[in-house]
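So this one's entry_21.tsv, TSV, C-alpha atoms and all ligand atoms:
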chain	number	residue	atom	x	y	z
A	20	MET	CA	14.05	-13.98	-9.48
A	21	TYR	CA	16.44	-11.20	-10.43
A	22	THR	CA	19.36	-10.60	-8.13
A	23	ASN	CA	19.87	-7.00	-9.17
A	24	TYR	CA	17.75	-4.15	-10.48
A	25	ILE	CA	18.41	-0.87	-12.12
A	26	TRP	CA	16.29	1.77	-10.46
A	27	ALA	CA	15.61	5.35	-11.20
A	28	THR	CA	15.04	6.12	-7.52
A	29	ASN	CA	15.29	4.89	-3.95
A	30	ARG	CA	16.55	1.36	-4.60
A	31	LYS	CA	19.93	1.62	-2.89
A	32	LYS	CA	18.47	3.00	0.29
A	33	TYR	CA	15.88	0.25	0.42
A	34	MET	CA	18.37	-2.59	-0.11
A	35	LYS	CA	20.60	-1.22	2.63
A	36	ASN	CA	17.68	-1.16	5.02
A	37	LYS	CA	16.13	-4.54	4.18
A	38	LYS	CA	18.29	-6.68	6.48
A	39	THR	CA	18.16	-4.17	9.30
A	40	LEU	CA	14.41	-3.98	8.89
A	41	GLN	CA	13.97	-7.75	9.00
A	42	LYS	CA	16.02	-7.89	12.18
A	43	TYR	CA	14.08	-5.07	13.74
A	44	ILE	CA	10.60	-5.98	12.59
A	45	GLY	CA	10.74	-9.72	12.04
A	46	CYS	CA	8.21	-10.32	9.30
A	47	ILE	CA	8.19	-7.50	6.76
A	48	LEU	CA	4.59	-8.15	5.67
A	49	CYS	CA	3.43	-8.04	9.30
A	50	GLY	CA	5.42	-4.80	9.49
A	51	VAL	CA	3.41	-3.42	6.57
A	52	ALA	CA	0.13	-4.55	8.16
A	53	LYS	CA	1.03	-3.01	11.50
A	54	ASN	CA	2.40	0.25	10.08
A	55	LYS	CA	5.86	-0.37	11.49
A	56	LYS	CA	8.22	2.53	11.10
A	57	GLY	CA	10.69	2.25	8.23
A	58	VAL	CA	8.70	-0.23	6.16
A	59	ILE	CA	7.84	0.78	2.60
A	60	LYS	CA	4.07	0.80	2.69
A	61	LYS	CA	2.38	1.11	-0.66
A	62	VAL	CA	-1.09	-0.16	0.04
A	63	LEU	CA	-3.74	-0.17	-2.66
A	64	TYR	CA	-6.39	-1.90	-0.58
A	65	GLU	CA	-6.67	-2.92	3.05
A	66	ASP	CA	-9.32	-4.25	5.39
A	67	LYS	CA	-9.26	-6.33	8.57
A	68	SER	CA	-8.20	-9.56	6.85
A	69	MET	CA	-6.53	-8.77	3.53
A	70	MET	CA	-4.38	-6.18	1.78
A	71	VAL	CA	-3.18	-5.51	-1.75
A	72	ILE	CA	0.24	-3.89	-1.79
A	73	MET	CA	2.99	-3.01	-4.25
A	74	ASN	CA	5.86	-5.46	-4.25
A	75	ALA	CA	8.94	-3.49	-3.18
A	76	PHE	CA	11.02	-5.92	-5.30
A	77	PRO	CA	8.93	-5.91	-8.46
A	78	TYR	CA	9.58	-8.32	-11.31
A	79	ASN	CA	7.79	-5.85	-13.56
A	80	VAL	CA	6.02	-2.51	-13.45
A	81	GLY	CA	2.64	-2.99	-11.77
A	82	HIS	CA	3.66	-6.06	-9.72
A	83	VAL	CA	1.32	-6.30	-6.73
A	84	GLN	CA	0.82	-8.78	-3.90
A	85	VAL	CA	-2.33	-9.96	-2.20
A	86	VAL	CA	-1.48	-10.54	1.45
A	87	PRO	CA	-3.48	-11.82	4.44
A	88	VAL	CA	-3.17	-9.34	7.32
A	89	ARG	CA	-2.57	-12.06	9.91
A	90	HIS	CA	0.67	-14.02	9.76
A	91	VAL	CA	-0.13	-17.34	8.09
A	92	ARG	CA	2.57	-19.51	6.59
A	93	ASN	CA	0.49	-21.83	4.43
A	94	ILE	CA	-2.50	-21.65	2.13
A	95	GLU	CA	-4.31	-24.20	4.28
A	96	ASP	CA	-4.00	-21.88	7.28
A	97	LEU	CA	-6.48	-19.50	5.64
A	98	THR	CA	-10.12	-19.74	6.66
A	99	GLU	CA	-12.68	-20.40	3.90
A	100	ARG	CA	-13.71	-16.78	4.12
A	101	GLU	CA	-10.14	-15.49	3.83
A	102	TYR	CA	-9.49	-17.86	0.94
A	103	SER	CA	-12.39	-16.59	-1.15
A	104	HIS	CA	-11.64	-12.98	-0.23
A	105	LEU	CA	-8.02	-13.51	-1.31
A	106	PHE	CA	-8.99	-14.97	-4.68
A	107	ASN	CA	-11.52	-12.22	-5.30
A	108	LEU	CA	-8.76	-9.69	-4.68
A	109	ILE	CA	-6.46	-11.51	-7.11
A	110	ARG	CA	-9.17	-11.23	-9.78
A	111	LYS	CA	-9.75	-7.55	-9.01
A	112	SER	CA	-5.99	-6.86	-8.95
A	113	VAL	CA	-5.73	-8.30	-12.46
A	114	ILE	CA	-8.52	-5.96	-13.62
A	115	MET	CA	-6.86	-2.97	-11.90
A	116	VAL	CA	-3.41	-3.66	-13.39
A	117	LYS	CA	-4.93	-4.27	-16.85
A	118	LYS	CA	-6.69	-0.92	-16.74
A	119	THR	CA	-3.54	0.84	-15.56
A	120	PHE	CA	-0.76	-0.71	-17.64
A	121	SER	CA	-2.39	-2.83	-20.38
A	122	PRO	CA	-0.04	-5.81	-19.98
A	123	VAL	CA	-0.24	-8.70	-22.45
A	124	GLY	CA	-0.69	-11.23	-19.65
A	125	PHE	CA	0.11	-12.21	-16.08
A	126	ASN	CA	2.11	-14.64	-14.00
A	127	ILE	CA	0.28	-15.25	-10.75
A	128	GLY	CA	1.95	-17.33	-8.09
A	129	MET	CA	2.86	-18.21	-4.56
A	130	ASN	CA	5.94	-19.65	-2.91
A	131	ILE	CA	4.92	-21.91	-0.05
A	132	GLY	CA	7.71	-23.38	2.05
A	133	GLY	CA	10.23	-20.60	2.53
A	134	GLU	CA	13.63	-20.24	0.92
A	135	ALA	CA	13.79	-23.82	-0.36
A	136	VAL	CA	11.07	-23.01	-2.91
A	137	GLY	CA	12.24	-19.51	-3.75
A	138	GLY	CA	10.31	-17.56	-1.12
A	139	SER	CA	12.06	-14.93	0.93
A	140	ILE	CA	9.21	-14.15	3.33
A	141	ASN	CA	7.44	-16.76	5.46
A	142	HIS	CA	4.17	-14.88	5.41
A	143	PHE	CA	1.80	-16.35	2.83
A	144	HIS	CA	1.08	-14.03	-0.10
A	145	VAL	CA	0.20	-14.18	-3.78
A	146	GLN	CA	2.25	-12.43	-6.45
A	147	VAL	CA	0.37	-10.84	-9.32
A	148	VAL	CA	2.96	-10.07	-11.99
A	149	PRO	CA	1.95	-8.35	-15.22
A	150	ARG	CA	3.88	-9.32	-18.34
A	151	TYR	CA	4.70	-7.11	-21.27
A	152	VAL	CA	5.93	-7.84	-24.75
A	153	ARG	CA	9.74	-8.17	-24.61
A	154	ASP	CA	9.96	-7.48	-20.87
A	155	SER	CA	13.24	-9.40	-20.68
A	156	GLY	CA	16.20	-7.95	-22.54
A	157	PHE	CA	19.99	-7.93	-22.50
A	158	MET	CA	20.43	-6.94	-18.84
A	159	GLU	CA	17.92	-9.49	-17.56
A	160	ILE	CA	19.40	-12.36	-19.58
A	161	THR	CA	23.11	-11.64	-19.23
A	162	ALA	CA	23.46	-9.74	-15.96
A	163	SER	CA	20.64	-10.94	-13.66
A	164	THR	CA	19.60	-7.30	-13.54
A	165	LYS	CA	16.08	-6.06	-14.01
A	166	VAL	CA	15.69	-2.79	-15.84
A	167	MET	CA	12.66	-0.96	-14.47
A	168	PRO	CA	11.29	1.68	-16.80
A	169	MET	CA	9.26	3.29	-14.02
A	170	SER	CA	9.86	3.97	-10.32
A	171	LEU	CA	7.81	2.25	-7.63
A	172	ASP	CA	6.33	5.61	-6.63
A	173	ASP	CA	5.17	6.44	-10.15
A	174	ALA	CA	3.65	2.97	-10.66
A	175	PHE	CA	1.91	3.29	-7.28
A	176	ASP	CA	0.45	6.68	-8.22
A	177	LEU	CA	-0.93	5.28	-11.48
A	178	LEU	CA	-2.38	2.16	-9.85
A	179	LYS	CA	-4.07	4.23	-7.15
A	180	LYS	CA	-6.23	5.83	-9.83
A	181	HIS	CA	-7.84	2.44	-10.46
A	182	ALA	CA	-7.57	1.02	-6.93
A	183	GLY	CA	-11.29	1.63	-6.37
A	184	ILE	CA	-11.82	-1.60	-8.36
A	185	LEU	CA	-10.46	-3.52	-5.37
A	186	LYS	CA	-13.25	-2.23	-3.14
A	187	LYS	CA	-16.14	-3.25	-5.41
B	1	ZN	ZN	3.96	-11.93	8.88
Would you mind writing the file out in structure tokens?
Amino acid sequence: MYTNYIWATNRKKYMKNKKTLQKYIGCILCGVAKNKKGVIKKVLYEDKSMMVIMNAFPYNVGHVQVVPVRHVRNIEDLTEREYSHLFNLIRKSVIMVKKTFSPVGFNIGMNIGGEAVGGSINHFHVQVVPRYVRDSGFMEITASTKVMPMSLDDAFDLLKKHAGILKK
């Protein structure tokens, strides 16, 4: 995980608010699900049990997360129905991101077990991270800083054009 990013827009404001938000809301993903004020909500798909959202701390352009609406900590806490719905949405998210950004591949993953395993949010979710040729350069390797060639808002607008795939 990168410790710093270079952003074209909005990053500073968001970082400043993150800790305050966590204190105020508790779980940020529950905050997204419940439309809590102040939470960055970039939802591409949402129903009663699952949502697909933009990651506000993207590793790459087009990084999305598939998130159960209810607060579950572990994969085994999902019902069979939620589990298959979740994996269907992962598959559809891959198709959506491919159509939008034509990445060369993906890293798809989950951190289960909190901070000890690299997770920062105790609400189970799956990261769908597109990869591009040479997406790590000088800043990433030497300065723990991710250079983002596109703002979160612009990436969201582009993904929304193909978000209908998630509903099929
Ligand atoms: Zn939660």
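Each of A:Ile72, A:Ile114, A:Ile59, A:Ile140 was checked against ligand ZN 1 (chain B) using only C-alpha atoms and all ligand atoms; the smallest atom-to-atom distance is that of A:Ile140.
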>> Report as JSON, numbers by chain all protein, DNA and RNA residues lying within 12 Å of Val148 in chain A, evaluated on all atoms listed in the file, omitting residues in the same chain fewer than 5 positions from it.
In response: {"A": [73, 74, 76, 77, 78, 79, 80, 81, 82, 83, 84, 85, 109, 112, 113, 116, 117, 120, 122, 123, 124, 125, 126, 127, 128, 129, 154]}
>> When you count all atoms listed in the file, which of these residues is closest to ligand ZN 1 (chain B): A:Asn141, A:Asn54, A:Ser103, A:Ser68?
In response: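 The answer is A:Asn141, which sits nearest to ligand ZN 1 (chain B).
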> When the cut-off is 6 Å and you count only C-alpha atoms and all ligand atoms, which residues lie near ligand ZN 1 (chain B), shown as number ranges by chain?
Replying inline: A: 46, 48-49, 90, 142
> Quick one, how far is CA of Met169 in chain A from CA of Gly45 in chain A?
Replying inline: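 Pair CA of Met169 in chain A / CA of Gly45 in chain A returns 29.2 Å.
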>> I want to know what sits within 10 Å of Ala182 in chain A, based on only C-alpha atoms, with residues of the same chain fewer than 6 positions away left out; could you give that as a list in words?
In response: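 Non-adjacent residues within range: Val62, Leu63, Tyr64, Val71, Lys111, Ser112, Ile114, Met115, Val116, Thr119, Phe175 and Asp176 of chain A.
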> Separation of CA of Gly132 in chain A and CA of Glu159 in chain A, in Å?
Replying inline: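 Computed distance, CA of Gly132 in chain A to CA of Glu159 in chain A, equals 26.1 Å.
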Edge lengths and centre in Å, axis-aligned, range 62-69 of chain A plus 8 Å each side, as JSON:
{"center_x": -5.2, "center_y": -4.9, "center_z": 3.0, "size_x": 24.2, "size_y": 25.4, "size_z": 27.2}
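Taking CA of Ile94 in chain A and CA of Lys60 in chain A as endpoints, the distance between them is 23.4 Å.
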>> Using all atoms listed in the file, can you tell me which of A:Ile131, A:Val91, A:Ala174, A:Arg110 comes closest to Lys186 in chain A?
In response: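 Of the candidates, the smallest distance to Lys186 in chain A is held by A:Arg110.
Each of A:His144, A:Lys61, A:Lys67, A:Lys118 was checked against Asp96 in chain A using only C-alpha atoms; the smallest atom-to-atom distance is that of A:His144.
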> Can you list, as an NGL selection string, every protein, DNA or RNA residue that comes within 8 Å of Ser163 in chain A when you count all atoms listed in the file, leaving out same-chain residues fewer than 2 positions away?
Replying inline: :A and (21-23 or 158-161 or 165)
Write out N, CA and C atoms for range 90-103 of chain A, as a PDB file, in the coordinates of the input.
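Heads up, here's the output in result.pdb:
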ATOM      1  N   HIS A  90      -0.493 -13.262  10.197  1.00  0.00           N
ATOM      2  CA  HIS A  90       0.670 -14.020   9.760  1.00  0.00           C
ATOM      3  C   HIS A  90       0.321 -15.496   9.607  1.00  0.00           C
ATOM      4  N   VAL A  91       0.076 -15.915   8.374  1.00  0.00           N
ATOM      5  CA  VAL A  91      -0.130 -17.340   8.090  1.00  0.00           C
ATOM      6  C   VAL A  91       0.987 -17.804   7.171  1.00  0.00           C
ATOM      7  N   ARG A  92       1.449 -19.006   7.388  1.00  0.00           N
ATOM      8  CA  ARG A  92       2.570 -19.510   6.590  1.00  0.00           C
ATOM      9  C   ARG A  92       2.100 -20.297   5.366  1.00  0.00           C
ATOM     10  N   ASN A  93       0.942 -20.905   5.469  1.00  0.00           N
ATOM     11  CA  ASN A  93       0.490 -21.830   4.430  1.00  0.00           C
ATOM     12  C   ASN A  93      -0.908 -21.484   3.932  1.00  0.00           C
ATOM     13  N   ILE A  94      -1.195 -21.909   2.717  1.00  0.00           N
ATOM     14  CA  ILE A  94      -2.500 -21.650   2.130  1.00  0.00           C
ATOM     15  C   ILE A  94      -3.607 -22.330   2.948  1.00  0.00           C
ATOM     16  N   GLU A  95      -3.284 -23.474   3.511  1.00  0.00           N
ATOM     17  CA  GLU A  95      -4.310 -24.200   4.280  1.00  0.00           C
ATOM     18  C   GLU A  95      -4.581 -23.562   5.649  1.00  0.00           C
ATOM     19  N   ASP A  96      -3.760 -22.602   6.027  1.00  0.00           N
ATOM     20  CA  ASP A  96      -4.000 -21.880   7.280  1.00  0.00           C
ATOM     21  C   ASP A  96      -5.075 -20.800   7.125  1.00  0.00           C
ATOM     22  N   LEU A  97      -5.432 -20.501   5.870  1.00  0.00           N
ATOM     23  CA  LEU A  97      -6.480 -19.500   5.640  1.00  0.00           C
ATOM     24  C   LEU A  97      -7.843 -20.110   5.967  1.00  0.00           C
ATOM     25  N   THR A  98      -8.737 -19.283   6.485  1.00  0.00           N
ATOM     26  CA  THR A  98     -10.120 -19.740   6.660  1.00  0.00           C
ATOM     27  C   THR A  98     -10.786 -19.730   5.278  1.00  0.00           C
ATOM     28  N   GLU A  99     -11.935 -20.396   5.172  1.00  0.00           N
ATOM     29  CA  GLU A  99     -12.680 -20.400   3.900  1.00  0.00           C
ATOM     30  C   GLU A  99     -12.973 -18.972   3.452  1.00  0.00           C
ATOM     31  N   ARG A 100     -13.367 -18.170   4.407  1.00  0.00           N
ATOM     32  CA  ARG A 100     -13.710 -16.780   4.120  1.00  0.00           C
ATOM     33  C   ARG A 100     -12.501 -15.991   3.606  1.00  0.00           C
ATOM     34  N   GLU A 101     -11.363 -16.168   4.269  1.00  0.00           N
ATOM     35  CA  GLU A 101     -10.140 -15.490   3.830  1.00  0.00           C
ATOM     36  C   GLU A 101      -9.728 -15.961   2.433  1.00  0.00           C
ATOM     37  N   TYR A 102      -9.872 -17.265   2.218  1.00  0.00           N
ATOM     38  CA  TYR A 102      -9.490 -17.860   0.940  1.00  0.00           C
ATOM     39  C   TYR A 102     -10.297 -17.249  -0.209  1.00  0.00           C
ATOM     40  N   SER A 103     -11.603 -17.150  -0.049  1.00  0.00           N
ATOM     41  CA  SER A 103     -12.390 -16.590  -1.150  1.00  0.00           C
ATOM     42  C   SER A 103     -12.167 -15.089  -1.295  1.00  0.00           C
TER      43      SER A 103
END
